[in-house]
Protein chains: 4
Amino acid sequence: MREIRAGLLGATGAVGQRYINMLGHHPFIHLEVLMGGESAGKKYGEAAHWLFSDPIPEQFARTTVQAANPTAAKGCDLIFSALPSEAAKDIEPKFAAAGHAVISEASAHRMDADVPLMIPEINPDHLDLLNSQRKRRGWKKGIATTPNCTVTGLALVMKPLLDAFPAEKAIVTTMQALSGAGFPGVASLSIIENVIPYIKNEEEKVANEAKKILGSLRDGAVKPNGILMGVSCNRVPVIDGHMETLYCEFSTKVSPEGAIRAMETFRGMPQKLKLPTAPDQPIIVRRENDRPQPRLDRLSGSVPGMSAVVGRVRRGVDDKSLQLTLLSHNTVRGAAGTAILTAELMAAKGYLG
Amino acid sequence: MREIRAGLLGATGAVGQRYINMLGHHPFIHLEVLMGGESAGKKYGEAAHWLFSDPIPEQFARTTVQAANPTAAKGCDLIFSALPSEAAKDIEPKFAAAGHAVISEASAHRMDADVPLMIPEINPDHLDLLNSQRKRRGWKKGIATTPNCTVTGLALVMKPLLDAFPAEKAIVTTMQALSGAGFPGVASLSIIENVIPYIKNEEEKVANEAKKILGSLRDGAVKPNGILMGVSCNRVPVIDGHMETLYCEFSTKVSPEGAIRAMETFRGMPQKLKLPTAPDQPIIVRRENDRPQPRLDRLSGSVPGMSAVVGRVRRGVDDKSLQLTLLSHNTVRGAAGTAILTAELMAAKGYLG
Amino acid sequence: MREIRAGLLGATGAVGQRYINMLGHHPFIHLEVLMGGESAGKKYGEAAHWLFSDPIPEQFARTTVQAANPTAAKGCDLIFSALPSEAAKDIEPKFAAAGHAVISEASAHRMDADVPLMIPEINPDHLDLLNSQRKRRGWKKGIATTPNCTVTGLALVMKPLLDAFPAEKAIVTTMQALSGAGFPGVASLSIIENVIPYIKNEEEKVANEAKKILGSLRDGAVKPNGILMGVSCNRVPVIDGHMETLYCEFSTKVSPEGAIRAMETFRGMPQKLKLPTAPDQPIIVRRENDRPQPRLDRLSGSVPGMSAVVGRVRRGVDDKSLQLTLLSHNTVRGAAGTAILTAELMAAKGYLG
Amino acid sequence: MREIRAGLLGATGAVGQRYINMLGHHPFIHLEVLMGGESAGKKYGEAAHWLFSDPIPEQFARTTVQAANPTAAKGCDLIFSALPSEAAKDIEPKFAAAGHAVISEASAHRMDADVPLMIPEINPDHLDLLNSQRKRRGWKKGIATTPNCTVTGLALVMKPLLDAFPAEKAIVTTMQALSGAGFPGVASLSIIENVIPYIKNEEEKVANEAKKILGSLRDGAVKPNGILMGVSCNRVPVIDGHMETLYCEFSTKVSPEGAIRAMETFRGMPQKLKLPTAPDQPIIVRRENDRPQPRLDRLSGSVPGMSAVVGRVRRGVDDKSLQLTLLSHNTVRGAAGTAILTAELMAAKGYLG
């Protein structure tokens with residue numbers, strides 16, 4: 001693969017840090033420009049309130065954070081955006097207009113009709129939207145987005161199920177980790193020895209984004225998947241790793257064994273292309289009664305944190321429904337990891353020029 | 001109400017302690033005999049690993065724990081049983097055979113056809129099963145039971161909904177507190193910064209017990225409610241208070257407002273009889289987006305911990321379904337409190353002789 | 001006692017809420033004016049992110065928050081200040097200059113030579129500083145302060161020890177609760193499953209304030225206690241209740257029994273005057289090996305949260321040293337409670353006019 | 001180094017699992033025999049309630065656990081013992097009598113006069129006690145022990161300080177992790193949102209073991225270090241990593257800078273011999289105000305978890321005293337890691353024959 005020079009918007013935030021953490025040794029993506037808001041002008045090592053036990057990779061610690069404008073990123077082929085949504089709304093199009101490919105983790109443009117919302121194992125063909133986007137907006141490369149951290153694991157698990165059995169309805173309850181709210185995010189006084197049964201706008205995002213990702217590309221547009229979805233989002237005192245219970249109804253008989261087989265054997269384009277951030281197995285199914293658990297299983301798989309982990313696959317209320325529990329690392333698979341995998345797919349498919 | 005002399009089986013355990021905590025000042029139930037296994041012969045204050053910040057009521061601290069046999073409880077009208085299920089299986093019938101009324105929190109006899117499974121606001125008429133039980137088994141007063149801690153809040157919330165709208169299906173996900181597993185119960189190494197997606201036998205109990213409680217008494221037997229139920233039980237790092245998300249499908253149109261009205265105005269027999277442990281309002285509905293929360297709301301209501309607290313009442317996937325979140329204190333409403341309320345109802349209805 | 005009309009600065013913050021929580025039913029202090037910054041103009045019930053499970057007392061929920069200036073508090077005899085220190089620096093003197101008595105929880109004026117730093121059980125005579133303060137500054141009533149939340153329990157425990165045995169050195173390690181940092185305060189991502197070994201400026205405050213409180217009034221000035229103090233402050237994942245280990249060296253032999261007797265029998269002026277917020281026993285000594293514990297013991301005593309709880313009183317490294325563990329509720333005894341007790345003492349002693 | 005065949009007593013417990021976790025790829029120690037009590041006869045993968053997120057190394061998962069007797073370990077050069085103390089008391093001497101070298105993590109024999117208590121960086125010469133032990137007891141290789149998990153980091157940090165400055169007194173407060181109590185260990189109901197100020201026998205162990213380890217070998221016996229020690233042990237809701245505050249008095253002037261230099265430049269025999277489990281730097285000193293923190297720093301260093309991490313080095317109460325905070329991984333440096341390092345040292349020094 002040819003070398004890719006990348007910049008990072010929102011480099012000091014909680015998600016930005018995960019990019020830094022994952023791109024220390026990438027075989028062909030070279031993160032060269034770190035951009036921030038208030039931290040511009042400082043060394044990254046001083047500007048970031050570093051959240052991981054692994055230290056900041058040496059090369060990034062001494063890098064000076066740049067202001068978030070396209071001039072700073074002049075030589076870059078690709079801009080990762082870990083900006084909050086309000087900032088992303090205006091800043092990302094500026095970079096796209098300047099000719100950059102932007103891969104954004106923000107919600108600002110996810111639901112735009114000509115913007116692909118990518119999970120590379122599920123909908124690699126949606127990248128085709130970039131062609132009409134380029135044409136319509138006059139951008140050289142354009143904006144691709146990755147979904148909300150709660151959708152990613154869920155959609156990944158639903159994909160092989162929906163391919164195998166026609167599904168009608170999904171009822172989802174989430175137990176989400178604190179890192180999903182960024183830093184400082186949730187106050188300790190609010191969440192210690194507690195559960196908060198609400199995350200702003202999250203339930204709508206989960207339903208709408210899942211339907212777009214699982215939708216089909218027809219005549220240059222995504223027709224959303226027609227599944228009915230009911231979602232309840234909760235915050236729990238866990239650092240990393242979103243847990244979700246999924247109840248799913250199908251229009252035909254399903255068996256837990258059949259569902260397990262479909263999930264375990266599922267492979268996507270990233271696995272076929274052997275992309276560096278693609279886990280061997282996108283979905284790992286555990287047979288023990290008491291798994292997955294966030295603290296023990298969030299970094300499972302051949303690329304730690306990139307596999308969804310499923311357990312407790314069992315009958316639902318009748319022989320046309322199923323229940324299961326899934327876990328996915330919200331800042332790896334649910335954020336930086338899927339964006340990096342999207343970059344790798346775009347590089348392989350020639351979308352980075 | 002005439003005075004009731006009561007004994008308590010399993011007095012030193014986590015649930016037993018809640019009885020001690022709630023019966024310190026009861027107007028007519030006098031807890032006089034504390035019974036235990038290994039703790040027999042010790043002072044209660046020394047035998048119990050006391051879990052509450054409120055101190056042990058003085059009169060109980062100095063009481064000597066008795067061995068668990070009917071002789072020890074000779075003068076008692078009523079035996080509360082906070083025994084683990086295996087012990088309850090054999091010991092409770094011995095007390096019943098000796099002429100005692102037994103109100104049991106254990107699962108051992110809950111599903112027996114002639115044993116009432118009581119939530120006094122929901123099914124006061126089920127006490128009638130005691131008549132056939134007495135006849136069949138030759139017992140003077142017999143065994144009544146109260147449900148699993150997770151069912152109690154759920155069934156209480158479902159009751160007015162099902163009365164108002166014919167329901168077909170309920171999908172439930174629980175986030176359960178640690179005190180539900182007793183002491184020592186869940187190891188700290190297992191649950192700190194974690195969620196455990198499994199509690200042994202719990203999902204079956206929740207479904208089966210809810211259907212029995214919500215069932216109707218016909219010809220001296222309970223016909224279980226026919227609702228389809230799918231349940232996923234999880235343990236979270238919370239001390240007290242079980243949270244549950246409920247998705248419910250009806251055979252007619254429902255509105256969140258109608259559901260709220262049904263729940264808020266719901267009153268049962270204990271409220272009509274003004275029983276001392278009956279909360280003014282069995283179900284409290286919160287309008288804020290982010291309630292209920294276990295740490296803040298578990299002791300809500302006029303009798304702290306006896307009301308279920310509901311929030312986030314909203315549309316489901318269509319206009320015939322609803323979603324909501326509920327919280328109920330698992331050792332008050334979910335254990336000792338419902339048993340004491342059952343005793344009060346039995347006293348009022350003449351079942352204690 | 002004559003009726004006192006009081007105002008509260010910083011009413012919506014974490015400490016402000018504790019005043020609201022404690023002054024709902026005070027026999028003679030009537031909290032009539034709630035003042036805030038950004039919340040001015042809103043109903044208190046809407047402006048405060050309420051942190052307690054007890055609801056906001058009805059009368060305060062509907063009160064409109066006023067801007068923080070003396071006109072708003074015109075009829076008040078007394079102003080409680082729960083302001084952050086920077087704000088307190090300028091705002092409190094304005095209220096004092098307008099003729100109000102101010103009792104401040106902020107650090108801004110604690111170490112001023114003519115400002116008393118009060119724990120009513122320890123140094124009621126220090127109120128005499130108000131006389132010179134009034135003269136020097138031309139204020140009608142003046143500013144009294146209460147100490148940092150970590151000092152309060154510590155100084156209370158040291159007082160009877162130092163009265164009984166001449167002490168030379170105290171080495172203190174604290175394990176402090178999250179509510180000490182206010183709301184939102186410590187990020188959950190920072191403290192879950194963790195300890196933070198640093199709290200800004202806290203160690204200096206603990207040493208300096210303790211020496212002033214335990215100092216003696218001579219010729220109208222406080223001569224600080226000469227004890228050497230080494231302090232290490234840590235934050236732990238606990239909601240309320242500061243734990244502290246104390247190692248103390250004396251110039252004479254001491255026995256744990258003698259120390260226990262001195263602490264248990266200690267009574268101060270508030271106890272003699274039977275002030276409403278004075279606990280019967282300022283220091284409760286526990287004999288069990290494993291007490292005090294924050295979650296179980298923070299609300300101990302006849303006025304919940306106003307007693308320090310001591311345990312593990314034992315020999316130090318030789319027969320002239322002692323070790324013990326103490327717990328004190330940081331927002332009750334460590335903040336609002338000591339300020340209210342100071343107000344009661346000032347009222348009783350005629351300092352409120 | 002020649003190949004060493006090793007057995008492990010107590011293989012399925014919390015500490016036993018750490019050996020399994022650390023010995024998956026050792027260059028010359030081959031763990032060949034896993035021994036247990038109730039788990040004997042089962043596959044290790046089924047017998048162990050595995051606590052780590054890293055999976056059980058494949059070769060161990062399928063190994064059958066043997067009963068704990070010397071026949072099972074016939075071909076082994078070395079037996080690691082992760083037994084609880086009561087079991088260790090009788091079982092370990094049986095293995096020693098059968099000719100094995102035993103390296104024990106249990107407290108049973110630590111304070112025996114002829115048994116070395118080892119931290120290889122501090123007292124490699126204490127291995128010489130084995131010679132008299134062999135003679136006296138007629139054992140071919142004998143028992144060496146490693147200290148309590150709380151002592152290990154503390155003694156490691158004290159060593160260079162005491163070498164540089166003659167010390168008189170150390171006052172220590174610990175905040176200890178849950179894994180130090182084994183599994184199931186501390187009940188979650190006891191420790192969530194709480195601190196427990198007591199760990200049975202721990203304070204005595206910390207003082208006595210530190211003095212032995214830091215003592216000097218004279219005429220074939222260890223003369224304990226004469227430092228006065230006062231220790232307060234607390235349990236906090238942290239998974240791994242013991243935090244400790246240390247106040248230390250010296251008989252000469254000391255400077256924080258001098259102390260930092262002594263700790264940072266400290267190297268022991270394991271570093272000189274380049275033993276595989278020896279970290280490059282036994283003590284890492286952090287300059288930030290808010291470090292070390294257990295969750296972020298417990299796996300620091302070139303051999304993760306084998307370095308003590310020190311921070312907040314500062315003046316004590318005068319210029320002859322210091323204060324600092326230290327962190328050490330209680331199941332790596334505090335248990336399995338130090339035992340493995342001891343085995344490496346014994347191999348290098350010819351004590352394994």
# chains A, B, ... in the order shown; residues from 1 in each chain; ligands from 1
>>> residues_around(residues="range 124-132 of chain A", least_positions_apart="4", cutoff="8 Å", atoms="only C-alpha atoms", output="PyMOL selection string")
chain A and resi 114-120+136+141-144+217+220-222+269+345-346
>>> write_last_selection(atoms="N, CA and C atoms", output="short mmCIF file (atom, residue, chain, number, x, y, z; two decimals), in the first residue's frame")
data_model
loop_
_atom_site.label_atom_id
_atom_site.label_comp_id
_atom_site.auth_asym_id
_atom_site.auth_seq_id
_atom_site.Cartn_x
_atom_site.Cartn_y
_atom_site.Cartn_z
N ASP A 114 -25.53 12.19 0.85
CA ASP A 114 -24.39 11.84 -0.01
C ASP A 114 -23.10 11.55 0.77
N VAL A 115 -23.25 11.33 2.08
CA VAL A 115 -22.08 11.03 2.91
C VAL A 115 -22.16 9.58 3.37
N PRO A 116 -21.16 8.77 3.04
CA PRO A 116 -21.19 7.38 3.51
C PRO A 116 -20.96 7.30 5.01
N LEU A 117 -21.70 6.40 5.65
CA LEU A 117 -21.56 6.14 7.08
C LEU A 117 -21.03 4.71 7.17
N MET A 118 -19.75 4.60 7.49
CA MET A 118 -19.02 3.37 7.18
C MET A 118 -18.73 2.45 8.37
N ILE A 119 -19.03 1.17 8.18
CA ILE A 119 -18.38 0.10 8.96
C ILE A 119 -17.86 -0.84 7.88
N PRO A 120 -16.55 -0.83 7.66
CA PRO A 120 -16.02 -1.48 6.45
C PRO A 120 -16.44 -2.93 6.27
N ARG A 136 -21.37 16.73 -6.70
CA ARG A 136 -22.34 17.75 -6.23
C ARG A 136 -21.66 18.90 -5.53
N LYS A 141 -12.01 15.10 -2.73
CA LYS A 141 -12.06 13.75 -2.12
C LYS A 141 -13.28 13.53 -1.24
N GLY A 142 -13.64 14.52 -0.45
CA GLY A 142 -14.90 14.43 0.27
C GLY A 142 -14.84 13.86 1.69
N ILE A 143 -16.00 13.80 2.29
CA ILE A 143 -16.14 13.39 3.69
C ILE A 143 -16.78 12.01 3.78
N ALA A 144 -16.13 11.12 4.51
CA ALA A 144 -16.76 9.85 4.91
C ALA A 144 -16.90 9.89 6.43
N LEU A 217 -27.46 0.20 -1.13
CA LEU A 217 -27.16 1.26 -2.08
C LEU A 217 -27.90 0.98 -3.38
N GLY A 220 -27.32 5.11 -6.53
CA GLY A 220 -26.51 6.18 -5.94
C GLY A 220 -27.02 6.74 -4.64
N ALA A 221 -27.96 6.03 -3.99
CA ALA A 221 -28.44 6.51 -2.69
C ALA A 221 -28.63 5.32 -1.77
N VAL A 222 -28.57 5.58 -0.45
CA VAL A 222 -28.76 4.51 0.51
C VAL A 222 -30.23 4.42 0.90
N MET A 269 -15.14 -7.41 3.73
CA MET A 269 -14.10 -7.00 2.79
C MET A 269 -12.76 -6.73 3.49
N LEU A 345 -9.48 0.92 4.01
CA LEU A 345 -10.35 0.48 2.91
C LEU A 345 -10.34 1.49 1.76
N MET A 346 -10.43 2.78 2.14
CA MET A 346 -10.42 3.82 1.11
C MET A 346 -9.10 3.81 0.35
#
>>> residues_around(residues="Ala155 in chain A", least_positions_apart="6", cutoff="9 Å", atoms="only C-alpha atoms", output="JSON, numbers by chain")
{"A": [119, 122, 209, 210, 211, 213, 214]}
>>> write_last_selection(atoms="N, CA and C atoms", output="PDB file, in the first residue's frame")
ATOM      1  N   ILE A 119     -19.035   1.169   8.179  1.00  0.00           N
ATOM      2  CA  ILE A 119     -18.382   0.102   8.955  1.00  0.00           C
ATOM      3  C   ILE A 119     -17.863  -0.843   7.883  1.00  0.00           C
ATOM      4  N   ILE A 122     -19.339  -4.071   6.827  1.00  0.00           N
ATOM      5  CA  ILE A 122     -20.761  -4.134   6.500  1.00  0.00           C
ATOM      6  C   ILE A 122     -21.091  -3.539   5.134  1.00  0.00           C
ATOM      7  N   GLU A 209     -28.805   5.495  12.600  1.00  0.00           N
ATOM      8  CA  GLU A 209     -27.527   5.154  11.974  1.00  0.00           C
ATOM      9  C   GLU A 209     -27.465   3.669  11.630  1.00  0.00           C
ATOM     10  N   ALA A 210     -27.997   2.829  12.508  1.00  0.00           N
ATOM     11  CA  ALA A 210     -27.996   1.388  12.205  1.00  0.00           C
ATOM     12  C   ALA A 210     -28.753   1.125  10.906  1.00  0.00           C
ATOM     13  N   LYS A 211     -29.898   1.786  10.749  1.00  0.00           N
ATOM     14  CA  LYS A 211     -30.691   1.558   9.529  1.00  0.00           C
ATOM     15  C   LYS A 211     -29.961   2.025   8.275  1.00  0.00           C
ATOM     16  N   ILE A 213     -26.563   2.250   7.895  1.00  0.00           N
ATOM     17  CA  ILE A 213     -25.409   1.365   7.663  1.00  0.00           C
ATOM     18  C   ILE A 213     -25.858   0.033   7.074  1.00  0.00           C
ATOM     19  N   LEU A 214     -26.963  -0.478   7.604  1.00  0.00           N
ATOM     20  CA  LEU A 214     -27.473  -1.776   7.154  1.00  0.00           C
ATOM     21  C   LEU A 214     -28.350  -1.632   5.902  1.00  0.00           C
TER      22      LEU A 214
END
>>> interface_residues(of="chain B", to="chain D", cutoff="6 Å", atoms="only C-alpha atoms", output="list in words")
Pro184, Val186, Ala187 and Ser188 of chain B
>>> residues_around(residues="Lys274 in chain C", least_positions_apart="3", cutoff="12 Å", atoms="only C-alpha atoms", output="list in words")
Met1, Glu121, Arg267, Gly268, Met269, Pro270, Gln271, Thr277, Ala278, Pro279, Asp280, Gln281, Val303, Leu341, Glu344, Leu345 and Ala348 of chain C
>>> select_by_dssp(residues="range 71-269 of chain B", states="helix (DSSP H, G or I)", output="JSON, numbers by chain")
{"B": [71, 72, 73, 85, 86, 87, 88, 89, 90, 91, 92, 93, 94, 95, 96, 97, 124, 125, 126, 127, 128, 129, 130, 131, 132, 133, 134, 135, 136, 137, 149, 150, 151, 152, 153, 154, 155, 156, 157, 158, 159, 160, 161, 162, 163, 164, 178, 179, 180, 181, 188, 189, 190, 191, 202, 203, 204, 205, 206, 207, 208, 209, 210, 211, 212, 213, 256, 257, 258, 259, 260, 261, 262, 263, 264, 265, 269]}
>>> write_last_selection(atoms="C-alpha atoms", output="short mmCIF file (atom, residue, chain, number, x, y, z; two decimals), in the first residue's frame")
data_model
loop_
_atom_site.label_atom_id
_atom_site.label_comp_id
_atom_site.auth_asym_id
_atom_site.auth_seq_id
_atom_site.Cartn_x
_atom_site.Cartn_y
_atom_site.Cartn_z
CA THR B 71 -40.22 -25.32 69.03
CA ALA B 72 -38.17 -22.14 69.15
CA ALA B 73 -41.09 -20.26 67.58
CA SER B 85 -33.98 -21.73 48.70
CA GLU B 86 -32.40 -25.10 49.40
CA ALA B 87 -32.84 -24.66 53.14
CA ALA B 88 -36.36 -23.30 52.67
CA LYS B 89 -37.49 -26.38 50.79
CA ASP B 90 -37.48 -28.59 53.86
CA ILE B 91 -37.58 -26.18 56.77
CA GLU B 92 -40.59 -24.07 55.80
CA PRO B 93 -43.01 -27.03 55.51
CA LYS B 94 -41.94 -28.11 59.01
CA PHE B 95 -43.07 -24.76 60.39
CA ALA B 96 -46.27 -24.91 58.37
CA ALA B 97 -46.90 -28.43 59.62
CA PRO B 124 -54.79 -9.94 47.06
CA ASP B 125 -57.38 -12.51 45.95
CA HIS B 126 -54.67 -15.13 45.41
CA LEU B 127 -54.54 -15.56 49.20
CA ASP B 128 -57.59 -17.71 48.62
CA LEU B 129 -55.19 -20.47 47.50
CA LEU B 130 -54.35 -20.88 51.17
CA ASN B 131 -57.75 -22.44 51.74
CA SER B 132 -57.14 -25.31 49.33
CA GLN B 133 -53.54 -25.56 50.52
CA ARG B 134 -54.70 -25.99 54.11
CA LYS B 135 -57.22 -28.59 53.11
CA ARG B 136 -54.85 -30.58 50.87
CA ARG B 137 -51.82 -30.48 53.12
CA CYS B 149 -36.59 -9.21 43.90
CA THR B 150 -36.46 -8.46 40.19
CA VAL B 151 -40.07 -9.39 39.52
CA THR B 152 -41.59 -7.27 42.21
CA GLY B 153 -41.04 -3.84 40.72
CA LEU B 154 -41.67 -5.13 37.22
CA ALA B 155 -45.01 -6.79 38.01
CA LEU B 156 -46.12 -3.74 39.99
CA VAL B 157 -45.48 -1.51 36.98
CA MET B 158 -47.04 -3.95 34.51
CA LYS B 159 -50.25 -4.35 36.52
CA PRO B 160 -51.95 -0.99 35.70
CA LEU B 161 -50.60 -1.11 32.14
CA LEU B 162 -52.11 -4.53 31.53
CA ASP B 163 -55.35 -3.50 33.20
CA ALA B 164 -55.60 -0.50 30.89
CA LEU B 178 -25.31 -6.33 44.44
CA SER B 179 -27.44 -6.75 47.55
CA GLY B 180 -29.68 -8.98 45.46
CA ALA B 181 -26.97 -11.64 45.67
CA SER B 188 -15.50 -7.18 44.36
CA LEU B 189 -12.85 -8.45 41.92
CA SER B 190 -15.68 -9.62 39.67
CA ILE B 191 -17.82 -6.51 39.50
CA GLU B 202 -33.05 -15.29 37.24
CA GLU B 203 -34.49 -14.83 33.77
CA GLU B 204 -36.76 -17.87 34.06
CA LYS B 205 -37.94 -16.72 37.49
CA VAL B 206 -38.74 -13.24 36.28
CA ALA B 207 -40.88 -14.52 33.41
CA ASN B 208 -42.64 -17.33 35.25
CA GLU B 209 -43.31 -15.49 38.47
CA ALA B 210 -44.59 -12.37 36.70
CA LYS B 211 -47.08 -14.50 34.75
CA LYS B 212 -48.32 -16.19 37.94
CA ILE B 213 -48.67 -12.93 39.90
CA PRO B 256 -47.34 7.37 26.85
CA GLU B 257 -49.71 9.85 28.53
CA GLY B 258 -52.35 7.17 29.00
CA ALA B 259 -49.77 4.82 30.44
CA ILE B 260 -48.48 7.47 32.84
CA ARG B 261 -52.01 8.18 34.00
CA ALA B 262 -52.70 4.49 34.60
CA MET B 263 -49.51 4.07 36.62
CA GLU B 264 -49.83 7.24 38.67
CA THR B 265 -53.44 6.67 39.64
CA MET B 269 -56.02 -3.10 48.33
#
>>> residues_around(residues="Thr64 in chain C", least_positions_apart="6", cutoff="10 Å", atoms="only C-alpha atoms", output="list in words")
Val33, Leu34, Met35, Gly36, Ser39, Ala40, Gly41, Lys42, Lys43, Tyr44, Gly45, Glu46 and Ala47 of chain C
>>> select_by_dssp(residues="range 114-328 of chain D", states="strand (DSSP E)", output="PyMOL selection string")
chain D and resi 142-145+167-176+216-218+221-223+228-235+242-250+283-285+308-315+321-328
